[in-house]
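So this one's my_file.tsv, TSV, C-alpha atoms and all ligand atoms:
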```tsv
chain	number	residue	atom	x	y	z
H	1	MET	CA	-96.80	193.19	-59.36
H	2	ASN	CA	-94.54	192.21	-62.18
H	3	ASP	CA	-96.04	189.91	-64.78
H	4	GLU	CA	-93.57	187.17	-63.92
H	5	ALA	CA	-94.59	187.03	-60.27
H	6	ASN	CA	-94.87	183.28	-60.18
H	7	SER	CA	-95.99	182.79	-56.62
H	8	ILE	CA	-99.46	183.86	-57.75
H	9	PRO	CA	-101.39	180.73	-58.76
H	10	PHE	CA	-103.42	180.50	-61.96
H	11	PRO	CA	-106.03	179.20	-62.14
H	12	ALA	CA	-106.59	179.99	-58.49
H	13	LEU	CA	-110.20	178.85	-58.47
H	14	THR	CA	-111.55	175.41	-59.30
H	15	GLN	CA	-114.13	175.27	-62.06
H	16	ALA	CA	-116.85	174.72	-59.45
H	17	GLN	CA	-115.71	177.81	-57.50
H	18	ARG	CA	-115.63	179.89	-60.70
H	19	LEU	CA	-119.12	178.71	-61.61
H	20	HIS	CA	-120.38	179.52	-58.11
H	21	ILE	CA	-119.22	183.15	-58.22
H	22	GLU	CA	-120.46	183.49	-61.80
H	23	ILE	CA	-123.98	182.44	-60.79
H	24	TYR	CA	-124.31	183.73	-57.23
H	25	GLY	CA	-121.82	186.63	-57.20
H	26	TYR	CA	-119.84	185.10	-54.33
H	27	VAL	CA	-117.94	181.99	-53.37
H	28	ILE	CA	-116.58	180.77	-50.01
H	29	ILE	CA	-113.12	179.20	-50.01
H	30	GLU	CA	-112.22	177.27	-46.86
H	31	ASN	CA	-108.70	177.05	-45.38
H	32	VAL	CA	-107.30	180.12	-47.09
H	33	LEU	CA	-105.68	181.01	-43.76
H	34	ASN	CA	-104.32	178.41	-41.36
H	35	GLN	CA	-105.05	178.60	-37.65
H	36	SER	CA	-101.77	180.30	-36.75
H	37	GLU	CA	-102.39	183.01	-39.39
H	38	VAL	CA	-105.89	183.47	-37.99
H	39	LYS	CA	-104.55	183.74	-34.43
H	40	ALA	CA	-101.91	186.30	-35.40
H	41	ILE	CA	-104.55	188.54	-37.00
H	42	VAL	CA	-107.00	188.12	-34.12
H	43	ASP	CA	-104.34	188.91	-31.49
H	44	THR	CA	-103.19	191.98	-33.44
H	45	LEU	CA	-106.72	193.27	-34.02
H	46	TYR	CA	-107.79	192.87	-30.39
H	47	GLY	CA	-104.48	194.41	-29.28
H	48	ILE	CA	-105.16	197.47	-31.47
H	49	GLU	CA	-108.64	197.78	-29.97
H	50	ASP	CA	-107.31	197.41	-26.38
H	51	ASP	CA	-104.68	200.11	-27.01
H	52	PHE	CA	-107.31	202.39	-28.53
H	53	ARG	CA	-109.65	201.95	-25.55
H	54	ARG	CA	-106.75	202.77	-23.19
H	55	THR	CA	-105.09	205.65	-25.03
H	56	GLY	CA	-107.47	206.83	-27.77
H	57	GLU	CA	-104.53	206.51	-30.17
H	58	LEU	CA	-104.34	204.97	-33.63
H	59	PRO	CA	-101.73	202.21	-34.08
H	60	GLY	CA	-99.65	204.22	-36.59
H	61	PRO	CA	-99.68	206.79	-39.39
H	62	SER	CA	-101.81	206.50	-42.56
H	63	CYS	CA	-104.67	204.60	-40.93
H	64	PHE	CA	-108.07	205.46	-39.50
H	65	ASN	CA	-111.07	204.07	-37.66
H	66	THR	CA	-114.39	203.80	-39.49
H	67	SER	CA	-116.09	202.89	-36.20
H	68	THR	CA	-114.99	202.71	-32.56
H	69	THR	CA	-118.25	201.80	-30.83
H	70	GLY	CA	-118.34	198.89	-28.42
H	71	GLU	CA	-120.42	196.94	-30.90
H	72	PHE	CA	-118.31	197.69	-33.98
H	73	PHE	CA	-114.60	198.41	-33.88
H	74	ARG	CA	-112.92	198.83	-37.27
H	75	ILE	CA	-109.37	199.76	-38.20
H	76	ASP	CA	-108.69	200.80	-41.81
H	77	ASN	CA	-105.65	200.78	-44.12
H	78	LEU	CA	-103.71	197.87	-42.75
H	79	PRO	CA	-100.61	196.85	-44.72
H	80	HIS	CA	-98.01	198.78	-42.72
H	81	LEU	CA	-99.58	198.24	-39.31
H	82	ALA	CA	-98.52	194.62	-38.74
H	83	PRO	CA	-96.78	191.84	-40.70
H	84	CYS	CA	-99.85	189.59	-40.38
H	85	PHE	CA	-101.99	192.30	-42.06
H	86	PHE	CA	-99.44	192.72	-44.85
H	87	ASP	CA	-99.32	188.95	-45.37
H	88	TYR	CA	-103.11	188.92	-45.67
H	89	VAL	CA	-103.45	191.65	-48.31
H	90	THR	CA	-100.56	190.15	-50.35
H	91	ASN	CA	-101.58	186.50	-49.84
H	92	PRO	CA	-100.79	184.90	-53.25
H	93	HIS	CA	-103.89	182.68	-53.19
H	94	ILE	CA	-106.16	185.67	-52.55
H	95	VAL	CA	-104.40	187.89	-55.10
H	96	GLY	CA	-104.58	185.06	-57.65
H	97	MET	CA	-108.32	184.66	-57.12
H	98	ALA	CA	-108.81	188.43	-57.38
H	99	GLN	CA	-106.87	188.56	-60.66
H	100	GLU	CA	-108.83	185.71	-62.09
H	101	ILE	CA	-112.17	187.26	-61.22
H	102	ILE	CA	-111.25	190.81	-62.25
H	103	GLY	CA	-109.60	189.51	-65.42
H	104	GLY	CA	-106.20	191.23	-65.23
H	105	SER	CA	-103.51	192.60	-62.88
H	106	VAL	CA	-104.86	194.03	-59.64
H	107	ARG	CA	-103.90	196.56	-57.00
H	108	LEU	CA	-105.04	196.88	-53.41
H	109	GLN	CA	-108.01	199.22	-53.11
H	110	GLN	CA	-108.86	199.03	-49.41
H	111	SER	CA	-108.08	196.93	-46.37
H	112	ASP	CA	-109.77	196.80	-42.99
H	113	ALA	CA	-110.28	194.59	-39.96
H	114	HIS	CA	-113.48	194.54	-37.89
H	115	ILE	CA	-114.78	193.29	-34.60
H	116	ARG	CA	-118.57	193.03	-34.67
H	117	ARG	CA	-120.36	192.29	-31.42
H	118	PRO	CA	-123.97	191.34	-30.69
H	119	LEU	CA	-126.23	194.39	-30.69
H	120	ALA	CA	-128.29	195.05	-27.57
H	121	GLU	CA	-131.28	195.67	-29.82
H	122	LYS	CA	-131.45	193.27	-32.73
H	123	PRO	CA	-131.82	195.16	-36.02
H	124	THR	CA	-134.95	194.59	-38.07
H	125	SER	CA	-133.19	194.93	-41.41
H	126	TYR	CA	-129.86	193.77	-42.80
H	127	GLY	CA	-128.53	197.00	-44.28
H	128	PHE	CA	-127.88	195.55	-47.74
H	129	HIS	CA	-125.68	197.80	-49.88
H	130	ARG	CA	-123.20	197.96	-52.73
H	131	THR	CA	-121.04	200.84	-53.88
H	132	MET	CA	-121.58	200.28	-57.56
H	133	GLY	CA	-123.69	198.28	-59.93
H	134	PRO	CA	-122.18	196.09	-62.65
H	135	THR	CA	-121.41	198.90	-65.14
H	136	TYR	CA	-117.64	198.29	-65.21
H	137	HIS	CA	-117.72	194.62	-66.08
H	138	HIS	CA	-116.57	192.71	-69.12
H	139	ILE	CA	-117.03	189.21	-70.50
H	140	GLU	CA	-114.07	187.36	-71.97
H	141	ASN	CA	-113.94	183.74	-73.07
H	142	GLY	CA	-117.46	183.40	-71.73
H	143	LEU	CA	-116.41	184.40	-68.21
H	144	TYR	CA	-117.85	187.38	-66.35
H	145	HIS	CA	-115.31	189.80	-64.90
H	146	PHE	CA	-115.94	192.81	-62.69
H	147	THR	CA	-113.59	195.57	-61.58
H	148	PHE	CA	-114.10	195.43	-57.81
H	149	ILE	CA	-113.69	192.28	-55.78
H	150	LYS	CA	-113.60	191.86	-52.01
H	151	ALA	CA	-111.92	189.05	-50.06
H	152	LEU	CA	-113.38	188.83	-46.56
H	153	THR	CA	-112.04	186.23	-44.14
H	154	ASN	CA	-113.86	185.24	-40.97
H	155	LEU	CA	-111.53	184.80	-38.00
H	156	THR	CA	-113.90	182.70	-35.89
H	157	ASP	CA	-116.04	179.72	-36.80
H	158	LEU	CA	-119.38	180.99	-38.04
H	159	GLY	CA	-122.58	179.07	-37.38
H	160	PRO	CA	-126.08	180.17	-38.36
H	161	ASP	CA	-126.45	182.55	-35.37
H	162	ASP	CA	-123.04	184.19	-35.65
H	163	GLY	CA	-123.92	186.93	-38.13
H	164	GLY	CA	-121.79	185.90	-41.10
H	165	THR	CA	-121.82	188.19	-44.13
H	166	THR	CA	-125.24	188.05	-45.77
H	167	VAL	CA	-125.88	188.57	-49.48
H	168	ILE	CA	-128.69	188.61	-52.01
H	169	ALA	CA	-127.46	185.90	-54.33
H	170	GLY	CA	-127.08	186.76	-58.01
H	171	THR	CA	-127.66	190.52	-57.68
H	172	HIS	CA	-124.15	191.34	-58.97
H	173	LYS	CA	-125.50	191.48	-62.52
H	174	ILE	CA	-128.56	193.67	-61.80
H	175	PRO	CA	-127.96	197.16	-63.18
H	176	ASP	CA	-128.21	200.34	-61.17
H	177	GLU	CA	-131.39	201.52	-62.88
H	178	VAL	CA	-133.26	198.89	-60.84
H	179	PRO	CA	-133.98	200.57	-57.49
H	180	ARG	CA	-132.02	198.92	-54.68
H	181	ASP	CA	-135.05	198.94	-52.38
H	182	ALA	CA	-137.01	197.00	-54.98
H	183	ILE	CA	-134.27	194.34	-55.11
H	184	ILE	CA	-134.17	194.10	-51.31
H	185	ASP	CA	-137.97	193.92	-50.97
H	186	ALA	CA	-138.14	191.18	-53.60
H	187	ALA	CA	-135.43	189.16	-51.83
H	188	LEU	CA	-137.05	189.54	-48.42
H	189	ALA	CA	-140.23	188.08	-49.91
H	190	ASP	CA	-138.30	184.89	-50.77
H	191	PRO	CA	-135.65	184.22	-48.10
H	192	SER	CA	-134.09	181.45	-50.23
H	193	LEU	CA	-132.48	184.32	-52.18
H	194	ILE	CA	-130.67	185.54	-49.06
H	195	HIS	CA	-127.50	183.59	-48.33
H	196	GLN	CA	-125.46	183.91	-45.13
H	197	VAL	CA	-121.88	182.78	-44.61
H	198	GLU	CA	-121.41	179.81	-42.29
H	199	ALA	CA	-117.84	178.62	-42.42
H	200	PRO	CA	-114.85	177.65	-40.28
H	201	ALA	CA	-112.35	180.30	-39.20
H	202	GLY	CA	-109.88	181.08	-41.97
H	203	SER	CA	-112.45	180.83	-44.77
H	204	THR	CA	-112.53	183.58	-47.36
H	205	LEU	CA	-115.70	184.98	-48.86
H	206	LEU	CA	-114.88	186.33	-52.29
H	207	PHE	CA	-117.56	188.54	-53.81
H	208	PHE	CA	-118.19	191.04	-56.56
H	209	GLU	CA	-118.75	194.35	-54.79
H	210	SER	CA	-121.79	194.84	-57.05
H	211	LEU	CA	-123.47	191.99	-55.14
H	212	MET	CA	-125.94	193.34	-52.59
H	213	HIS	CA	-124.32	192.50	-49.25
H	214	ALA	CA	-124.47	193.27	-45.53
H	215	ALA	CA	-123.01	192.34	-42.18
H	216	GLY	CA	-125.16	189.52	-40.82
H	217	ILE	CA	-127.20	189.85	-37.65
H	218	ILE	CA	-125.43	188.28	-34.66
H	219	ARG	CA	-127.96	186.32	-32.61
H	220	SER	CA	-125.37	184.39	-30.57
H	221	ALA	CA	-123.21	185.90	-27.80
H	222	GLU	CA	-120.04	185.71	-29.91
H	223	ASP	CA	-117.82	188.42	-31.38
H	224	ARG	CA	-117.34	188.27	-35.15
H	225	PRO	CA	-113.81	189.44	-36.03
H	226	LEU	CA	-112.89	189.59	-39.71
H	227	ILE	CA	-110.30	190.97	-42.10
H	228	LEU	CA	-110.95	192.08	-45.65
H	229	SER	CA	-109.10	193.42	-48.65
H	230	GLY	CA	-110.54	194.92	-51.81
H	231	TYR	CA	-108.84	194.81	-55.22
H	232	LEU	CA	-109.22	196.82	-58.43
H	233	PRO	CA	-107.50	196.81	-61.83
H	234	VAL	CA	-104.05	198.45	-61.59
H	235	MET	CA	-105.11	201.62	-63.41
H	236	PHE	CA	-107.71	202.49	-60.74
H	237	GLN	CA	-107.12	204.59	-57.61
H	238	ALA	CA	-107.20	203.45	-54.01
H	239	TRP	CA	-110.23	204.69	-52.16
H	240	ASN	CA	-110.11	207.74	-49.91
H	241	GLY	CA	-107.79	207.17	-46.98
H	242	TYR	CA	-106.43	203.88	-48.30
H	243	ASP	CA	-103.33	205.20	-50.06
H	244	PRO	CA	-100.32	203.22	-48.88
H	245	ASP	CA	-98.04	204.66	-46.21
H	246	PRO	CA	-95.14	206.31	-48.14
H	247	ASP	CA	-92.39	205.26	-45.72
H	248	PHE	CA	-93.60	201.67	-45.70
H	249	LEU	CA	-93.55	201.58	-49.51
H	250	LYS	CA	-89.80	202.25	-49.47
H	251	THR	CA	-89.23	198.98	-47.60
H	252	LEU	CA	-91.03	196.74	-50.11
H	253	SER	CA	-90.00	194.60	-53.07
H	254	ASP	CA	-91.06	195.89	-56.51
H	255	GLU	CA	-93.71	193.20	-56.67
H	256	HIS	CA	-95.35	194.16	-53.40
H	257	ARG	CA	-94.98	197.91	-53.95
H	258	ILE	CA	-96.77	197.59	-57.28
H	259	LEU	CA	-99.56	195.56	-55.69
H	260	LEU	CA	-100.09	198.30	-53.09
H	261	THR	CA	-99.76	201.27	-55.45
H	262	GLY	CA	-101.01	200.02	-58.82
H	263	GLU	CA	-98.07	201.83	-60.40
H	264	HIS	CA	-97.73	199.12	-63.07
H	265	LYS	CA	-100.61	200.45	-65.14
H	266	PHE	CA	-99.67	199.10	-68.56
H	267	ASN	CA	-100.27	195.80	-70.31
H	268	TRP	CA	-103.44	195.14	-68.39
H	269	GLN	CA	-105.09	193.61	-71.46
H	270	ARG	CA	-102.07	191.45	-72.18
H	271	ARG	CA	-102.18	190.24	-68.62
H	272	ALA	CA	-105.87	189.54	-68.97
H	273	ARG	CA	-105.17	187.41	-72.05
H	274	GLU	CA	-102.44	185.52	-70.21
H	275	LEU	CA	-104.82	184.87	-67.36
H	276	SER	CA	-107.31	183.28	-69.72
H	277	GLN	CA	-104.72	180.66	-70.72
H	278	PRO	CA	-104.25	178.07	-67.94
H	279	LYS	CA	-100.62	177.27	-67.12
H	280	ASP	CA	-99.52	173.63	-67.56
H	301	LIG	O1	-119.37	192.80	-42.16
H	301	LIG	C1	-119.55	192.14	-43.18
H	301	LIG	O2	-119.63	190.92	-43.14
H	301	LIG	C2	-119.78	192.81	-44.50
H	301	LIG	C3	-118.83	193.91	-44.77
H	301	LIG	C4	-119.42	194.94	-45.68
H	301	LIG	O3	-120.58	195.23	-45.62
H	301	LIG	C5	-118.59	195.61	-46.66
H	301	LIG	O4	-117.42	195.25	-46.83
H	301	LIG	O5	-119.09	196.54	-47.34
```
Write out the structure in this file as structure tokens.
Ligand SMILES: O=C(O)CCC(=O)C(=O)O
Amino acid sequence: MNDEANSIPFPALTQAQRLHIEIYGYVIIENVLNQSEVKAIVDTLYGIEDDFRRTGELPGPSCFNTSTTGEFFRIDNLPHLAPCFFDYVTNPHIVGMAQEIIGGSVRLQQSDAHIRRPLAEKPTSYGFHRTMGPTYHHIENGLYHFTFIKALTNLTDLGPDDGGTTVIAGTHKIPDEVPRDAIIDAALADPSLIHQVEAPAGSTLLFFESLMHAAGIIRSAEDRPLILSGYLPVMFQAWNGYDPDPDFLKTLSDEHRILLTGEHKFNWQRRARELSQPKD
């Protein structure tokens, strides 16, 4: 993204939202997507699953399935597969929030859309995980920034039984030398530490990837479709399998190509300083 990309809001978070993610490691923003954006993504995702069940085929090049079971269908590396997916990963509000939380210019790191369905046998544990602890964080102007942020949007209304993403609040700052099982056991002993997303369709859960998190347990009869994008500082690599489709890149504006590739690797610190100064 070029530094002058002015469709990206700053600040993108209210002070209360910034404080929430600082303390708890996550924040839920309602109405990030409107109902027609939600419907377009839902229709596309279910269409991809239907086609897969019929033909066994992927919807295009440069994408893959992490899971194709009846209870968990997931399609990965989305931007070129459908305009509604591209609009999601480049959504200026989401990118603005990611920049603000990371503390500088960002690139897309991963993107995926899931359909979770109720399990025949209810699991007895959540499956809390994180890829990395808080090692690659920094503090600037008193604000905590971390290199890996996820934006996960629920595409149906989520009540308490609908298995919304579940987290152990505040664990984003606990270093990796603390055994993960010890953190999980401690949280299970005090369920007030375990927070589960309940929010209307189109709400975005923004969380530091260092926060211990899990898919929630669906106790209702409802599917839980979602879309998510992960962002990193521009000088980092996409994760395995999430490199952008090369032909699709040729069709993009400079701003969007840079967001997908991270090729604008310089001036990250300058950008971070600019981000710390609110615009008028
Ligand atoms: O399914 C969810 O709500 C959580 C997704 C998740 O665990 C992840 O992105 O690593």
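Distance-wise, CA of Val38 in chain H and CA of Arg116 in chain H end up 16.2 Å apart.
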Between CA of Ser111 in chain H and CA of Tyr88 in chain H, distance in Å (one decimal): 9.5 Å
From (-133.2, 194.2, -53.3), in the file's coordinates, out to 12 Å: which residues are reached, counting all atoms listed in the file? Answer as a ChimeraX atom specification. /H:125-130,167-172,174-176,178-191,193-194,211-214
Please tabulate, as CSV, the residues of chain H that come within 10 Å of ligand LIG 301 (chain H), each with its closest pair of atoms and the distance in Å to one decimal, counting all atoms listed in the file and ordering rows by chain, then residue number upward.
```
residue,atom,partner,partner_atom,distance
H:Phe72,CA,H:LIG301,O1,9.6
H:Gln110,CA,H:LIG301,O4,9.7
H:Ser111,CA,H:LIG301,O4,9.5
H:Asp112,CA,H:LIG301,O4,8.7
H:Ala113,CA,H:LIG301,O1,9.5
H:His114,CA,H:LIG301,O1,7.5
H:Ile115,CA,H:LIG301,O1,8.9
H:Arg116,CA,H:LIG301,O1,7.5
H:Tyr126,CA,H:LIG301,O3,9.8
H:Gly127,CA,H:LIG301,O3,8.3
H:Phe128,CA,H:LIG301,O3,7.6
H:His129,CA,H:LIG301,O3,7.1
H:Arg130,CA,H:LIG301,O5,6.9
H:Thr131,CA,H:LIG301,O5,8.1
H:Lys150,CA,H:LIG301,O4,7.3
H:Ala151,CA,H:LIG301,O4,8.9
H:Leu152,CA,H:LIG301,O2,7.4
H:Thr153,CA,H:LIG301,O2,9.0
H:Asn154,CA,H:LIG301,O2,8.4
H:Gly163,CA,H:LIG301,O2,7.7
H:Gly164,CA,H:LIG301,O2,5.8
H:Thr165,CA,H:LIG301,O2,3.6
H:Thr166,CA,H:LIG301,O2,6.8
H:Val167,CA,H:LIG301,C2,8.9
H:Gln196,CA,H:LIG301,O2,9.3
H:Val197,CA,H:LIG301,O2,8.6
H:Leu205,CA,H:LIG301,O2,9.1
H:Phe207,CA,H:LIG301,O4,9.7
H:Glu209,CA,H:LIG301,O5,7.8
H:Met212,CA,H:LIG301,O3,9.0
H:His213,CA,H:LIG301,O3,5.9
H:Ala214,CA,H:LIG301,O3,4.4
H:Ala215,CA,H:LIG301,C1,3.6
H:Gly216,CA,H:LIG301,O2,6.2
H:Ile217,CA,H:LIG301,O2,9.4
H:Arg224,CA,H:LIG301,O1,8.6
H:Pro225,CA,H:LIG301,O1,8.9
H:Leu226,CA,H:LIG301,O1,7.6
H:Ile227,CA,H:LIG301,O1,9.3
H:Leu228,CA,H:LIG301,O4,7.3
H:Ser229,CA,H:LIG301,O4,8.7
H:Gly230,CA,H:LIG301,O4,8.5
```
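Checking H:Met132, H:Ile149, H:Ala40, H:Val27 one by one against Ala82 in chain H, counting all atoms listed in the file, you find the shortest gap at H:Ala40.
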